[in-house]
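Structure first, commentary second.
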Amino acid sequence: MLIEIFGTGCAKCQTLEKHARHAADQAGGGHQVVKVSDYPAIVARGVLSTPALAVDGKVRSQGRVPSVDEILGFIRG
Amino acid sequence: MTECCPPEAPPAAAVPRTAWRRGAWLLPALPLWFLVYSVLQPAAGYLAHRLLGLQPGTRLGDAAAFFFYDAPKVLLLLVLVVFLVTFLQTFVSPARVRGALSRRRSGLGNALASLFGIITPFCSCSAVPLFLGFLRAGVPLGVTFSFLVAAPMINEVALGMLFAMFGWRIALLYAGTGVAIAFLSGLVLGRLHMESHLEDWVQEALRAPAVGEVEEERPGLSERLDLALDGVRDIVGKVWPYILAGIAVGALIHGYVPQRFLAGLLGRQHWYSVPVAVLVGVPLYSNAAGILPIVEALLGKGAALGSTLAFMMAVIGLSLPETIILRRVMRPRLIVTFVSVVALGILLVGYLFNAIL
């Protein structure tokens with residue numbers, strides 16, 4: 001599953017990336033964490049506040065840092 | 001503004017917690033808060049005058065008493081204000097505001113945008129996606145500007161702190177003038193039709209098709225309370241050094257700056273007091289909460305209210321970091337116009353209040 005982090009490098013974006021990687025590890029098996037820091041790409045995805053998180057193409061959280069458990073919940077659907 | 005990206009939207013908590021259990025934990029916290037708050041003044045006097053042996057009435061004694069009283073007081077107020085504000089903010093996401101502003105005409109649109117700007121969670125790191133997201137959804141440029149001026153200038157935490165420290169009159173004055181500046185700046189900038197002064201990549205991004213989908217988050221009460229607690233941890237954890245620095249400066253002003261000097265420089269009878277306040281305020285980059293102890297000390301030393309308000313708005317409403325971020329989307333002429341219009345608005349407010357109060 002594709003896990004995308006939208007953000008331009010503020011401290012919160014880095015925390016979110018760390019949480020997402022932990023969650024991906026815990027979920028096990030072939031999840032890919034990608035960082036999107038390009039403004040046009042962020043805007044095209046409909047993100048209004050960063051950091052944002054998308055799982056499997058769907059933006060699930062914006063402007064906050066969800067916990068590892070919460071991200072696990074998104075991954076397991 | 002430095003309390004970057006406050007939690008705005010809700011989590012579907014992985015472990016469901018009930019609202020009443022949250023509430024049971026929070027309820028005793030409130031009386032405890034009032035108890036601690038009520039003993040601050042005597043405790044500070046005891047600490048400064050008895051334990052440290054600094055005489056009341058001396059410069060050092062007064063400065064120390066101000067610091068020992070103000071530091072815990074401001075921090076306590078901040079905890080309460082941030083909790084309430086973050087809780088309220090879980091009801092107002094930027095996406096909802098955008099929906100309400102989309103395709104509004106100027107005038108009503110500017111007024112709504114300025115009002116929404118008071119409470120909407122906003123941080124400068126999100127300024128670009130927000131700006132573009134608004135324009136893409138058909139929010140007119142002038143209306144977007146109203147929002148972009150109001151959101152940082154009327155800082156919701158500063159507003160709550162003003163109310164707690166100086167009463168509703170000054171809080172209302174701050175919010176009212178901030179809304180007026182945002183409304184007028186957006187109206188003026190909208191009339192100037194400066195769409196062509198957005199950077200090329202922005203114009204392209206505005207035309208690009210949308211991809212993917214966005215899920216709207218809908219938190220329950222216990223999740224909102226959790227978010228508010230996260231907000232307190234996060235914001236208070238980040239801004240306390242600014243506050244202590246602000247209180248230290250305030251204490252120095254309180255103990256050492258002669259009344260005649262400040263009243264002379266920032267008093268209402270001088271035409272230059274407002275521009276001086278703005279010029280000093282713009283390059284100063286402080287946290288909205290950190291500026292309040294300085295405001296408190298300035299007012300106590302006879303600075304005029306209009307000049308002090310102008311100073312505060314210049315510090316938190318026109319910040320250099322935000323301007324640099326916005327430069328990514330705006331060509332120089334637009335950014336200069338933007339900053340000048342807002343600065344002009346702040347000057348007007350300063351003169352107005354010095355004249356009528």
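Lettering and numbering for the structure tokens are positional, with chains as A, B, ... in the shown order, residues counted from 1 in each chain, and ligands counted from 1 in the shown order.
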Counting only C-alpha atoms, chain A residues within 9 Å of chain B, as an MDAnalysis selection string: chainID A and resid 7:12 39:51 54 57:67 69:73
Spatial neighbours of segment 275-285 of chain B, max dist 7 Å, only C-alpha atoms, sep filter under 2 positions, as a short mmCIF file (atom, residue, chain, number, x, y, z; two decimals) with N, CA and C atoms, in the first residue's frame:
data_model
loop_
_atom_site.label_atom_id
_atom_site.label_comp_id
_atom_site.auth_asym_id
_atom_site.auth_seq_id
_atom_site.Cartn_x
_atom_site.Cartn_y
_atom_site.Cartn_z
N TYR B 272 4.52 60.64 15.94
CA TYR B 272 5.43 59.57 15.51
C TYR B 272 5.31 58.31 16.36
N SER B 273 4.48 58.32 17.39
CA SER B 273 4.47 57.14 18.27
C SER B 273 3.96 55.89 17.57
N ASN B 287 6.44 35.13 19.51
CA ASN B 287 5.22 34.39 19.60
C ASN B 287 4.12 35.30 20.10
N SER B 307 -0.99 53.00 20.11
CA SER B 307 0.39 52.67 19.72
C SER B 307 0.72 51.25 20.14
N ALA B 310 -0.93 48.78 17.84
CA ALA B 310 -0.23 48.78 16.56
C ALA B 310 1.06 47.97 16.68
N PHE B 311 1.75 48.14 17.79
CA PHE B 311 2.99 47.40 18.03
C PHE B 311 2.72 45.90 18.03
N MET B 312 1.69 45.50 18.76
CA MET B 312 1.36 44.09 18.88
C MET B 312 0.96 43.49 17.53
N ALA B 314 1.79 44.58 14.58
CA ALA B 314 2.94 44.53 13.69
C ALA B 314 3.81 43.31 14.00
N VAL B 315 3.95 43.01 15.29
CA VAL B 315 4.79 41.87 15.67
C VAL B 315 4.17 40.55 15.20
N LEU B 318 2.44 40.85 10.89
CA LEU B 318 3.31 41.02 9.74
C LEU B 318 4.65 40.40 10.06
N SER B 319 4.76 39.10 9.83
CA SER B 319 6.03 38.50 10.23
C SER B 319 6.88 38.21 9.00
N LEU B 320 8.17 38.35 9.19
CA LEU B 320 9.11 38.14 8.10
C LEU B 320 9.05 36.70 7.56
N LEU B 347 -1.32 51.16 10.90
CA LEU B 347 -1.07 52.56 11.25
C LEU B 347 -2.38 53.29 11.52
#
Those of chain A in DSSP strand (DSSP E or B), formatted as a list in words: Leu2, Ile3, Glu4, Ile5, Phe6, Gln32, Val33, Val34, Lys35, Val36, Ala52, Leu53, Ala54, Val55, Lys58, Val59, Arg60, Ser61 and Gln62 of chain A
